[in-house]
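Q: So here's model.tsv, just TSV, C-alpha atoms:
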chain	number	residue	atom	x	y	z
A	1	MET	CA	-45.40	-1.17	35.44
A	2	ASN	CA	-44.68	-2.52	38.92
A	3	SER	CA	-42.74	-1.10	41.87
A	4	ASN	CA	-39.47	-2.81	40.86
A	5	LYS	CA	-39.46	-1.18	37.45
A	6	MET	CA	-40.40	2.19	38.92
A	7	LEU	CA	-37.43	1.93	41.30
A	8	PHE	CA	-35.03	1.16	38.43
A	9	TYR	CA	-36.42	4.04	36.32
A	10	PHE	CA	-36.03	6.34	39.31
A	11	ILE	CA	-32.38	5.27	39.79
A	12	LEU	CA	-31.78	5.58	36.03
A	13	PHE	CA	-33.01	9.17	36.09
A	14	PHE	CA	-31.07	10.22	39.17
A	15	SER	CA	-27.83	8.51	38.12
A	16	THR	CA	-27.79	10.83	35.10
A	17	MET	CA	-28.32	13.79	37.40
A	18	ILE	CA	-25.46	12.57	39.66
A	19	THR	CA	-23.05	12.40	36.73
A	20	ILE	CA	-24.01	15.78	35.28
A	21	SER	CA	-23.79	17.59	38.64
A	22	SER	CA	-20.60	15.88	39.85
A	23	ASN	CA	-17.50	17.95	40.65
A	24	SER	CA	-14.95	15.22	39.95
A	25	TRP	CA	-14.24	12.59	37.30
A	26	LEU	CA	-14.57	9.88	39.94
A	27	GLY	CA	-18.09	11.05	40.75
A	28	CYS	CA	-18.92	10.99	37.04
A	29	TRP	CA	-17.67	7.40	36.85
A	30	MET	CA	-19.82	6.42	39.84
A	31	GLY	CA	-22.89	7.94	38.19
A	32	LEU	CA	-22.17	6.04	34.98
A	33	GLU	CA	-21.91	2.76	36.89
A	34	ILE	CA	-25.18	3.36	38.76
A	35	ASN	CA	-26.80	4.16	35.43
A	36	LEU	CA	-25.50	0.89	33.95
A	37	LEU	CA	-26.64	-1.23	36.89
A	38	SER	CA	-30.14	0.30	36.81
A	39	PHE	CA	-30.65	-0.07	33.06
A	40	ILE	CA	-29.69	-3.75	32.83
A	41	PRO	CA	-32.65	-5.01	34.95
A	42	ILE	CA	-34.98	-2.88	32.82
A	43	ILE	CA	-33.90	-4.46	29.53
A	44	SER	CA	-33.60	-8.01	30.89
A	45	TYR	CA	-36.99	-7.99	32.63
A	46	SER	CA	-38.91	-9.83	29.89
A	47	ASN	CA	-38.75	-13.57	29.25
A	48	ASN	CA	-37.47	-12.98	25.72
A	49	ILE	CA	-34.11	-14.69	25.15
A	50	LEU	CA	-33.03	-11.85	22.83
A	51	ALA	CA	-33.50	-9.35	25.64
A	52	SER	CA	-31.32	-11.46	27.95
A	53	GLU	CA	-28.64	-11.70	25.28
A	54	SER	CA	-28.81	-7.93	24.67
A	55	SER	CA	-28.53	-7.17	28.38
A	56	LEU	CA	-25.41	-9.37	28.66
A	57	LYS	CA	-23.80	-7.72	25.61
A	58	TYR	CA	-24.68	-4.28	26.94
A	59	PHE	CA	-23.14	-5.10	30.32
A	60	LEU	CA	-19.89	-6.33	28.75
A	61	ILE	CA	-19.49	-3.33	26.42
A	62	GLN	CA	-20.32	-0.75	29.07
A	63	SER	CA	-18.04	-2.46	31.61
A	64	ILE	CA	-15.10	-2.31	29.19
A	65	ALA	CA	-15.83	1.36	28.52
A	66	SER	CA	-16.11	2.09	32.25
A	67	MET	CA	-12.80	0.34	33.00
A	68	ASN	CA	-11.11	2.34	30.26
A	69	PHE	CA	-12.67	5.54	31.60
A	70	LEU	CA	-11.58	4.83	35.20
A	71	PHE	CA	-8.07	3.88	34.12
A	72	SER	CA	-7.82	7.09	32.05
A	73	ILE	CA	-8.95	9.45	34.79
A	74	ILE	CA	-6.62	7.85	37.38
A	75	LEU	CA	-3.72	8.10	34.91
A	76	ASN	CA	-4.71	11.68	34.16
A	77	MET	CA	-4.65	12.54	37.87
A	78	ILE	CA	-1.14	11.09	38.21
A	79	TYR	CA	0.39	12.68	35.09
A	80	PHE	CA	-1.63	15.89	34.95
A	81	LYS	CA	1.42	18.06	35.60
A	82	TYR	CA	3.10	16.78	32.43
A	83	LEU	CA	1.48	18.53	29.48
A	84	GLU	CA	2.56	16.03	26.83
A	85	PHE	CA	0.30	13.40	28.38
A	86	ASN	CA	-2.87	15.49	28.00
A	87	PHE	CA	-3.30	14.80	24.29
A	88	TYR	CA	-3.20	11.02	24.76
A	89	MET	CA	-5.28	11.15	27.93
A	90	SER	CA	-8.02	13.09	26.15
A	91	ILE	CA	-8.08	10.47	23.37
A	92	MET	CA	-8.38	7.65	25.94
A	93	ILE	CA	-11.18	9.37	27.85
A	94	ASN	CA	-13.01	10.28	24.65
A	95	SER	CA	-12.72	6.75	23.26
A	96	SER	CA	-14.39	5.31	26.37
A	97	LEU	CA	-17.18	7.89	26.12
A	98	PHE	CA	-17.62	7.19	22.40
A	99	MET	CA	-17.94	3.50	23.24
A	100	LYS	CA	-20.65	4.31	25.79
A	101	LEU	CA	-22.44	6.46	23.22
A	102	GLY	CA	-22.26	3.90	20.43
A	103	SER	CA	-20.49	6.40	18.22
A	104	ALA	CA	-18.22	5.36	15.36
A	105	PRO	CA	-15.66	3.79	15.31
A	106	PHE	CA	-17.03	2.01	18.43
A	107	HIS	CA	-20.57	1.53	17.08
A	108	PHE	CA	-20.63	-2.17	16.21
A	109	TRP	CA	-22.40	-3.25	19.41
A	110	PHE	CA	-25.24	-0.76	19.06
A	111	PRO	CA	-27.46	-2.31	16.31
A	112	ASN	CA	-27.09	-5.83	17.71
A	113	ILE	CA	-28.28	-4.79	21.16
A	114	ILE	CA	-31.16	-2.68	19.84
A	115	GLU	CA	-32.47	-5.62	17.80
A	116	GLY	CA	-33.27	-7.56	20.99
A	117	LEU	CA	-35.09	-4.80	22.90
A	118	SER	CA	-38.65	-3.54	23.00
A	119	TRP	CA	-39.55	-0.19	21.46
A	120	PHE	CA	-39.69	1.59	24.81
A	121	ASN	CA	-36.26	0.28	25.87
A	122	ASN	CA	-34.95	1.27	22.45
A	123	LEU	CA	-36.23	4.78	23.04
A	124	ILE	CA	-34.34	4.95	26.36
A	125	LEU	CA	-31.15	3.56	24.82
A	126	MET	CA	-31.25	5.89	21.80
A	127	THR	CA	-32.10	9.05	23.75
A	128	TRP	CA	-31.70	9.11	27.53
A	129	GLN	CA	-28.55	6.96	27.67
A	130	LYS	CA	-26.76	9.42	25.37
A	131	ILE	CA	-27.17	12.41	27.70
A	132	THR	CA	-24.44	11.59	30.21
A	133	PRO	CA	-21.56	10.73	27.81
A	134	MET	CA	-22.30	13.80	25.66
A	135	ILE	CA	-22.26	16.12	28.65
A	136	LEU	CA	-18.94	14.58	29.78
A	137	LEU	CA	-17.59	15.01	26.24
A	138	SER	CA	-18.44	18.70	26.36
A	139	TYR	CA	-16.23	19.02	29.48
A	140	TYR	CA	-13.10	17.51	27.97
A	141	TYR	CA	-12.70	16.54	24.32
A	142	ASN	CA	-9.95	16.12	21.78
A	143	TYR	CA	-10.86	18.32	18.79
A	144	TYR	CA	-9.37	16.15	16.03
A	145	PHE	CA	-10.61	12.88	17.49
A	146	LEU	CA	-14.09	14.39	17.86
A	147	ILE	CA	-14.14	15.51	14.22
A	148	LEU	CA	-13.01	12.03	13.12
A	149	SER	CA	-15.82	10.44	15.13
A	150	MET	CA	-18.36	12.93	13.70
A	151	ILE	CA	-17.45	12.07	10.11
A	152	LEU	CA	-17.33	8.30	10.71
A	153	SER	CA	-20.64	8.33	12.60
A	154	THR	CA	-22.48	10.13	9.81
A	155	MET	CA	-20.96	7.80	7.19
A	156	PHE	CA	-21.50	4.49	9.01
A	157	GLY	CA	-24.97	5.56	10.15
A	158	ALA	CA	-26.07	6.31	6.59
A	159	LEU	CA	-24.37	3.43	4.76
A	160	GLY	CA	-25.21	0.82	7.39
A	161	GLY	CA	-28.95	1.32	7.05
A	162	LEU	CA	-29.10	0.77	3.30
A	163	ASN	CA	-29.84	-2.96	3.26
A	164	GLN	CA	-31.70	-3.28	6.56
A	165	SER	CA	-35.17	-4.82	6.73
A	166	SER	CA	-35.54	-4.46	10.51
A	167	LEU	CA	-37.00	-1.15	11.67
A	168	ARG	CA	-35.09	-1.33	14.93
A	169	LYS	CA	-31.74	-1.74	13.17
A	170	LEU	CA	-32.76	1.01	10.75
A	171	PHE	CA	-33.38	3.37	13.66
A	172	SER	CA	-30.14	2.31	15.33
A	173	PHE	CA	-28.11	3.34	12.27
A	174	SER	CA	-30.18	6.52	12.02
A	175	SER	CA	-29.32	7.18	15.67
A	176	ILE	CA	-25.60	6.75	14.91
A	177	ASN	CA	-25.96	9.27	12.07
A	178	HIS	CA	-27.79	11.75	14.30
A	179	LEU	CA	-25.08	11.27	16.89
A	180	GLY	CA	-22.54	12.63	14.40
A	181	TRP	CA	-24.70	15.74	13.97
A	182	MET	CA	-25.06	16.07	17.76
A	183	LEU	CA	-21.29	15.93	18.21
A	184	ALA	CA	-21.04	18.72	15.62
A	185	ALA	CA	-23.63	20.68	17.61
A	186	LEU	CA	-21.51	20.09	20.73
A	187	LEU	CA	-18.64	21.95	19.05
A	188	ILE	CA	-20.86	24.98	18.49
A	189	SER	CA	-22.64	25.42	21.82
A	190	GLU	CA	-24.30	23.39	24.54
A	191	ASN	CA	-27.57	25.23	23.85
A	192	LEU	CA	-27.61	23.89	20.31
A	193	LEU	CA	-26.77	20.39	21.57
A	194	ILE	CA	-29.72	20.50	23.99
A	195	PHE	CA	-32.00	21.89	21.28
A	196	TYR	CA	-30.97	19.17	18.79
A	197	PHE	CA	-31.37	16.48	21.42
A	198	LEU	CA	-34.88	17.65	22.40
A	199	ILE	CA	-36.04	17.66	18.78
A	200	TYR	CA	-34.52	14.21	18.21
A	201	PHE	CA	-36.16	12.94	21.40
A	202	LEU	CA	-39.54	14.24	20.22
A	203	MET	CA	-39.24	12.60	16.80
A	204	MET	CA	-38.04	9.26	18.18
A	205	SER	CA	-40.76	9.24	20.85
A	206	LEU	CA	-43.46	9.64	18.20
A	207	MET	CA	-42.05	6.84	16.04
A	208	CYS	CA	-41.50	4.44	18.94
A	209	ILE	CA	-45.02	5.05	20.35
A	210	LEU	CA	-46.54	4.49	16.93
A	211	PHE	CA	-44.56	1.32	16.11
A	212	ASN	CA	-45.15	-0.06	19.59
A	213	ASN	CA	-48.93	0.39	19.25
A	214	LEU	CA	-48.96	-1.11	15.77
A	215	ASN	CA	-46.53	-3.90	16.77
A	216	LEU	CA	-44.29	-3.12	13.79
A	217	TYR	CA	-40.74	-4.46	13.70
A	218	PHE	CA	-39.90	-4.93	10.00
A	219	THR	CA	-40.16	-2.70	6.96
A	220	HIS	CA	-42.39	-5.01	4.91
A	221	GLN	CA	-45.05	-4.80	7.64
A	222	LEU	CA	-45.61	-1.17	6.69
A	223	PHE	CA	-47.09	-2.13	3.34
A	224	LEU	CA	-48.46	-5.58	4.13
A	225	ILE	CA	-50.86	-4.47	6.85
A	226	ASN	CA	-54.12	-2.56	6.61
A	227	LEU	CA	-53.20	0.91	7.82
A	228	ASN	CA	-55.20	4.08	7.33
A	229	ASN	CA	-53.72	6.45	4.80
A	230	SER	CA	-53.67	9.17	7.46
A	231	ILE	CA	-51.44	7.01	9.68
A	232	LYS	CA	-49.15	6.34	6.73
A	233	ILE	CA	-48.93	10.09	6.07
A	234	PHE	CA	-48.00	10.68	9.72
A	235	ILE	CA	-45.28	8.03	9.45
A	236	LEU	CA	-44.04	9.67	6.22
A	237	PHE	CA	-43.93	13.10	7.92
A	238	ASN	CA	-41.90	11.76	10.81
A	239	PHE	CA	-39.57	9.78	8.53
A	240	LEU	CA	-38.87	12.90	6.47
A	241	SER	CA	-38.36	14.92	9.65
A	242	LEU	CA	-35.91	12.30	10.98
A	243	GLY	CA	-34.04	12.41	7.67
A	244	GLY	CA	-33.71	16.19	7.90
A	245	LEU	CA	-35.73	17.29	4.87
A	246	PRO	CA	-36.86	20.94	4.82
A	247	PRO	CA	-39.36	22.32	5.83
A	248	PHE	CA	-39.75	19.68	8.55
A	249	LEU	CA	-38.66	20.09	12.14
A	250	GLY	CA	-35.65	17.77	11.89
A	251	PHE	CA	-34.02	20.02	9.31
A	252	PHE	CA	-33.86	23.06	11.58
A	253	PRO	CA	-30.99	22.03	13.95
A	254	LYS	CA	-29.12	20.58	10.96
A	255	TRP	CA	-29.51	23.93	9.26
A	256	ILE	CA	-27.78	25.68	12.16
A	257	VAL	CA	-24.95	23.12	12.14
A	258	ILE	CA	-24.49	23.55	8.36
A	259	ASN	CA	-24.41	27.32	8.81
A	260	PHE	CA	-21.66	26.95	11.42
A	261	LEU	CA	-19.63	24.65	9.16
A	262	ILE	CA	-19.85	27.16	6.30
A	263	GLN	CA	-18.74	30.03	8.55
A	264	ASN	CA	-15.67	28.03	9.64
A	265	ASN	CA	-14.76	26.99	6.07
A	266	LEU	CA	-15.36	23.30	6.78
A	267	PHE	CA	-16.84	22.67	3.34
A	268	LEU	CA	-15.67	19.05	3.01
A	269	MET	CA	-17.30	18.09	6.30
A	270	MET	CA	-20.49	19.94	5.28
A	271	PHE	CA	-20.54	18.02	1.97
A	272	ILE	CA	-20.13	14.67	3.80
A	273	PHE	CA	-22.89	15.51	6.30
A	274	ILE	CA	-25.39	16.60	3.63
A	275	SER	CA	-24.64	13.68	1.29
A	276	MET	CA	-25.07	11.16	4.13
A	277	SER	CA	-28.40	12.77	5.07
A	278	LEU	CA	-29.50	12.30	1.45
A	279	ILE	CA	-28.70	8.57	1.71
A	280	ILE	CA	-30.82	8.32	4.88
A	281	LEU	CA	-33.66	10.14	3.13
A	282	PHE	CA	-33.31	7.67	0.25
A	283	PHE	CA	-34.00	4.57	2.31
A	284	TYR	CA	-36.75	6.29	4.32
A	285	ILE	CA	-38.54	7.37	1.14
A	286	ARG	CA	-37.99	3.92	-0.40
A	287	ILE	CA	-39.92	2.34	2.50
A	288	MET	CA	-42.77	4.82	2.31
A	289	TYR	CA	-42.88	4.66	-1.51
A	290	SER	CA	-43.50	0.94	-1.30
A	291	SER	CA	-46.12	1.51	1.38
A	292	PHE	CA	-48.06	4.13	-0.58
A	293	LEU	CA	-47.78	3.32	-4.27
A	294	MET	CA	-47.13	-0.38	-4.83
A	295	ASN	CA	-49.82	-3.03	-5.10
A	296	TYR	CA	-49.83	-5.20	-2.02
A	297	PHE	CA	-51.85	-8.01	-0.53
A	298	LYS	CA	-54.53	-6.94	1.94
A	299	ILE	CA	-55.79	-9.30	4.60
A	300	LYS	CA	-59.50	-8.52	4.84
A	301	TRP	CA	-60.10	-10.11	8.22
A	302	PHE	CA	-57.10	-8.51	9.92
A	303	ASN	CA	-57.22	-4.80	10.73
A	304	PHE	CA	-55.04	-2.57	12.86
A	305	PHE	CA	-56.43	0.05	15.21
A	306	ILE	CA	-54.74	2.79	17.21
A	307	LYS	CA	-56.19	4.26	20.36
A	308	ASN	CA	-57.64	7.70	19.73
A	309	LYS	CA	-55.41	9.48	22.24
A	310	PHE	CA	-52.25	8.20	20.52
A	311	GLN	CA	-53.64	9.00	17.08
A	312	ASN	CA	-54.44	12.58	18.09
A	313	LEU	CA	-51.01	13.00	19.71
A	314	ILE	CA	-49.18	11.69	16.64
A	315	MET	CA	-51.33	13.81	14.31
A	316	TYR	CA	-50.72	16.98	16.33
A	317	PHE	CA	-46.93	16.59	16.50
A	318	SER	CA	-46.68	15.51	12.87
A	319	TYR	CA	-48.38	18.70	11.70
A	320	TYR	CA	-46.26	20.70	14.13
A	321	SER	CA	-43.21	19.10	12.52
A	322	LEU	CA	-44.43	20.27	9.10
A	323	PHE	CA	-44.98	23.92	10.03
A	324	SER	CA	-42.16	24.28	12.54
A	325	LEU	CA	-39.76	26.32	10.41
A	326	THR	CA	-42.05	29.33	10.70
A	327	PHE	CA	-40.70	29.72	14.25
A	328	SER	CA	-37.08	29.61	13.14
A	329	THR	CA	-36.62	33.40	13.25
A	330	TYR	CA	-37.36	33.50	16.96
A	331	ILE	CA	-35.24	30.51	18.00
A	332	PHE	CA	-32.16	31.59	16.05
A	333	TYR	CA	-31.26	34.23	18.67
A	334	PHE	CA	-30.44	31.56	21.29
A	335	PHE	CA	-27.42	30.29	19.36
Would you mind giving the structure from this file in structure tokens?
A:
Amino acid sequence: MNSNKMLFYFILFFSTMITISSNSWLGCWMGLEINLLSFIPIISYSNNILASESSLKYFLIQSIASMNFLFSIILNMIYFKYLEFNFYMSIMINSSLFMKLGSAPFHFWFPNIIEGLSWFNNLILMTWQKITPMILLSYYYNYYFLILSMILSTMFGALGGLNQSSLRKLFSFSSINHLGWMLAALLISENLLIFYFLIYFLMMSLMCILFNNLNLYFTHQLFLINLNNSIKIFILFNFLSLGGLPPFLGFFPKWIVINFLIQNNLFLMMFIFISMSLIILFFYIRIMYSSFLMNYFKIKWFNFFIKNKFQNLIMYFSYYSLFSLTFSTYIFYFF
């Protein structure tokens, strides 16, 4: 961590604040561009050729989305007095924001870029970089286009991760699926969106810290290496929480979203959301089943160790994830 990186992280943080607190669409666009130009040096800092390729792809995709966004807001300013243009303008603005988010049907760039990044940069891309477009979506969204993107994101996120052997691509498709749930939470209230995002950020932080310390990048490493059973149980807890299995922490915001869908008679959408979560749980449990129960080759002279402070942190939050639903009665009043 040198002064250059600290400067870029500082600009990355404040560009998000600029966009959220801006009074005009042009100010939001400026904040998005500053955010883009500060994140590219962070992901292209290493000598890895995959990181350089990912930074170039990220720049191209985000530039196209920014051009579309700028063109839409200028067109919207010109034709704002004509009401028939608002429907098409909202679709254009939302499509550029969906492209920035990596939401379906504009999600194809997301797994390819994540594959070339480190775990910490993946954490930033899957969590912090989603804040600004989601806040802008809450200002101005097309209801039908948003529902279409929600359904497609949950479906592509679940089905795309079925035959993946890379943990980073697996988490990228899981992130696309969670994005569909977050867009559904955006329809309910911004408080629920923030609550869902904070829980997702906590779960992803634990997994990325753990995999970064263990240097894990592929699923077969989970059952080929000599891990303690306690660490495997922590990974299982967090996988089940990410999949949204009760009584883990990840189920709680999904429970509120399902409750809202039932109240508004959106039973088909509820069925799609729950069935796609079951598919995600299937490939998470398949990984951990192989890790726990199958006979595997152990390398006697090669052991993995985790620093005690990380192990205690992961253990604490994993158990908190298990017993979190006991607090659900108190949190329900905020929504």
Q: Kindly indicate which residue among A:Phe87, A:Phe110, A:Phe260, A:Trp119 lies nearest to Phe145 in chain A, using only C-alpha atoms for the distances.
A: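 Between A:Phe87, A:Phe110, A:Phe260, A:Trp119, the residue approaching Phe145 in chain A most closely is A:Phe87.
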Q: So, with all atoms listed in the file as the atoms that count, which of A:Tyr200, A:Cys208, A:Phe292, A:Ser277 lies closest to Asn229 in chain A?
A: A:Phe292
Q: Just want the 12 Å neighbourhood of range 38-54 of chain A, counted on only C-alpha atoms, with same-chain residues fewer than 3 positions away dropped. Output as a PyMOL selection string.
A: chain A and resi 1-2+4-16+31-35+57-63+109-125+128-129
Q: Let me make sure I understand: among A:Leu198, A:Leu210, A:Ile188, A:Ile287, which one has the smallest atom-to-atom distance to Gln263 in chain A if we use all atoms listed in the file?
A: A:Ile188
Q: From the set A:Tyr284, A:Phe171, A:Phe108, A:Tyr196, which residue has the shortest atom-to-atom contact distance to Ile235 in chain A, counting all atoms listed in the file?
A: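 Checking each of A:Tyr284, A:Phe171, A:Phe108, A:Tyr196 against Ile235 in chain A, counting all atoms listed in the file, the winner is A:Tyr284.
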Q: Looking at A:Trp181, A:Phe98, A:Phe282, A:Phe273, which one is nearest to Met155 in chain A, with distances taken over all atoms listed in the file?
A: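 Looking only at the distances to Met155 in chain A, the closest residue turns out to be A:Phe273.
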Q: For Leu183 in chain A, which residue among A:Ile231, A:Leu170, A:Leu159, A:Ile131 is the nearest when counting all atoms listed in the file?
A: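 Under the stated criterion, the closest residue is A:Ile131.
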Q: Using all atoms of range 173-186 of chain A that appear in the file, construct an axis-aligned enclosing box with 3 Å of padding on every side and provide its centre coordinates and edge lengths in Å, rounded to one decimal, as lines of an AutoDock Vina configuration file.
A:
center_x = -25.6
center_y = 12.0
center_z = 16.4
size_x = 15.1
size_y = 23.3
size_z = 14.7
Q: One decimal, Å: what's the distance from CA of Phe248 in chain A over to CA of Ile135 in chain A, could you say?
A: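 Separation of CA of Phe248 in chain A and CA of Ile135 in chain A: 26.9 Å.
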Q: For CA of Cys28 in chain A and CA of Tyr141 in chain A, quote the distance in Å rounded to one decimal.
A: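 CA of Cys28 in chain A sits 15.2 Å away from CA of Tyr141 in chain A.
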Q: Would you work out the distance separating CA of Lys254 in chain A from CA of Phe195 in chain A, expressed in Å to one decimal?
A: 10.8 Å
Q: If we draw a sphere of 12 Å around (-24.7, 9.0, 11.8), which residues have at least one atom in it when counting only C-alpha atoms? Please report them as an mmCIF file with C-alpha atoms, in the frame of the given file.
A:
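Now in point23.cif:
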data_model
loop_
_atom_site.group_PDB
_atom_site.id
_atom_site.type_symbol
_atom_site.label_atom_id
_atom_site.label_comp_id
_atom_site.auth_asym_id
_atom_site.auth_seq_id
_atom_site.Cartn_x
_atom_site.Cartn_y
_atom_site.Cartn_z
ATOM 1 C CA LEU A 101 -22.440 6.460 23.220
ATOM 2 C CA GLY A 102 -22.260 3.900 20.430
ATOM 3 C CA SER A 103 -20.490 6.400 18.220
ATOM 4 C CA ALA A 104 -18.220 5.360 15.360
ATOM 5 C CA PRO A 105 -15.660 3.790 15.310
ATOM 6 C CA HIS A 107 -20.570 1.530 17.080
ATOM 7 C CA SER A 149 -15.820 10.440 15.130
ATOM 8 C CA MET A 150 -18.360 12.930 13.700
ATOM 9 C CA ILE A 151 -17.450 12.070 10.110
ATOM 10 C CA LEU A 152 -17.330 8.300 10.710
ATOM 11 C CA SER A 153 -20.640 8.330 12.600
ATOM 12 C CA THR A 154 -22.480 10.130 9.810
ATOM 13 C CA MET A 155 -20.960 7.800 7.190
ATOM 14 C CA PHE A 156 -21.500 4.490 9.010
ATOM 15 C CA GLY A 157 -24.970 5.560 10.150
ATOM 16 C CA ALA A 158 -26.070 6.310 6.590
ATOM 17 C CA LEU A 159 -24.370 3.430 4.760
ATOM 18 C CA GLY A 160 -25.210 0.820 7.390
ATOM 19 C CA GLY A 161 -28.950 1.320 7.050
ATOM 20 C CA LEU A 170 -32.760 1.010 10.750
ATOM 21 C CA PHE A 171 -33.380 3.370 13.660
ATOM 22 C CA SER A 172 -30.140 2.310 15.330
ATOM 23 C CA PHE A 173 -28.110 3.340 12.270
ATOM 24 C CA SER A 174 -30.180 6.520 12.020
ATOM 25 C CA SER A 175 -29.320 7.180 15.670
ATOM 26 C CA ILE A 176 -25.600 6.750 14.910
ATOM 27 C CA ASN A 177 -25.960 9.270 12.070
ATOM 28 C CA HIS A 178 -27.790 11.750 14.300
ATOM 29 C CA LEU A 179 -25.080 11.270 16.890
ATOM 30 C CA GLY A 180 -22.540 12.630 14.400
ATOM 31 C CA TRP A 181 -24.700 15.740 13.970
ATOM 32 C CA MET A 182 -25.060 16.070 17.760
ATOM 33 C CA LEU A 183 -21.290 15.930 18.210
ATOM 34 C CA ALA A 184 -21.040 18.720 15.620
ATOM 35 C CA LEU A 242 -35.910 12.300 10.980
ATOM 36 C CA GLY A 243 -34.040 12.410 7.670
ATOM 37 C CA ILE A 272 -20.130 14.670 3.800
ATOM 38 C CA PHE A 273 -22.890 15.510 6.300
ATOM 39 C CA ILE A 274 -25.390 16.600 3.630
ATOM 40 C CA SER A 275 -24.640 13.680 1.290
ATOM 41 C CA MET A 276 -25.070 11.160 4.130
ATOM 42 C CA SER A 277 -28.400 12.770 5.070
ATOM 43 C CA LEU A 278 -29.500 12.300 1.450
ATOM 44 C CA ILE A 279 -28.700 8.570 1.710
ATOM 45 C CA ILE A 280 -30.820 8.320 4.880
#
Q: Just the residues within 12 Å of Trp25 in chain A, please, counting only C-alpha atoms, with nothing from its chain fewer than 6 positions along; format it as a PyMOL selection string.
A: chain A and resi 18-19+31-32+66+69-77+93+136-137+139-140
Q: Write the residues you've just listed into a file as an mmCIF file, keeping the file's coordinate frame, and include C-alpha atoms for each of them.
A:
data_model
loop_
_atom_site.group_PDB
_atom_site.id
_atom_site.type_symbol
_atom_site.label_atom_id
_atom_site.label_comp_id
_atom_site.auth_asym_id
_atom_site.auth_seq_id
_atom_site.Cartn_x
_atom_site.Cartn_y
_atom_site.Cartn_z
ATOM 1 C CA ILE A 18 -25.460 12.570 39.660
ATOM 2 C CA THR A 19 -23.050 12.400 36.730
ATOM 3 C CA GLY A 31 -22.890 7.940 38.190
ATOM 4 C CA LEU A 32 -22.170 6.040 34.980
ATOM 5 C CA SER A 66 -16.110 2.090 32.250
ATOM 6 C CA PHE A 69 -12.670 5.540 31.600
ATOM 7 C CA LEU A 70 -11.580 4.830 35.200
ATOM 8 C CA PHE A 71 -8.070 3.880 34.120
ATOM 9 C CA SER A 72 -7.820 7.090 32.050
ATOM 10 C CA ILE A 73 -8.950 9.450 34.790
ATOM 11 C CA ILE A 74 -6.620 7.850 37.380
ATOM 12 C CA LEU A 75 -3.720 8.100 34.910
ATOM 13 C CA ASN A 76 -4.710 11.680 34.160
ATOM 14 C CA MET A 77 -4.650 12.540 37.870
ATOM 15 C CA ILE A 93 -11.180 9.370 27.850
ATOM 16 C CA LEU A 136 -18.940 14.580 29.780
ATOM 17 C CA LEU A 137 -17.590 15.010 26.240
ATOM 18 C CA TYR A 139 -16.230 19.020 29.480
ATOM 19 C CA TYR A 140 -13.100 17.510 27.970
#
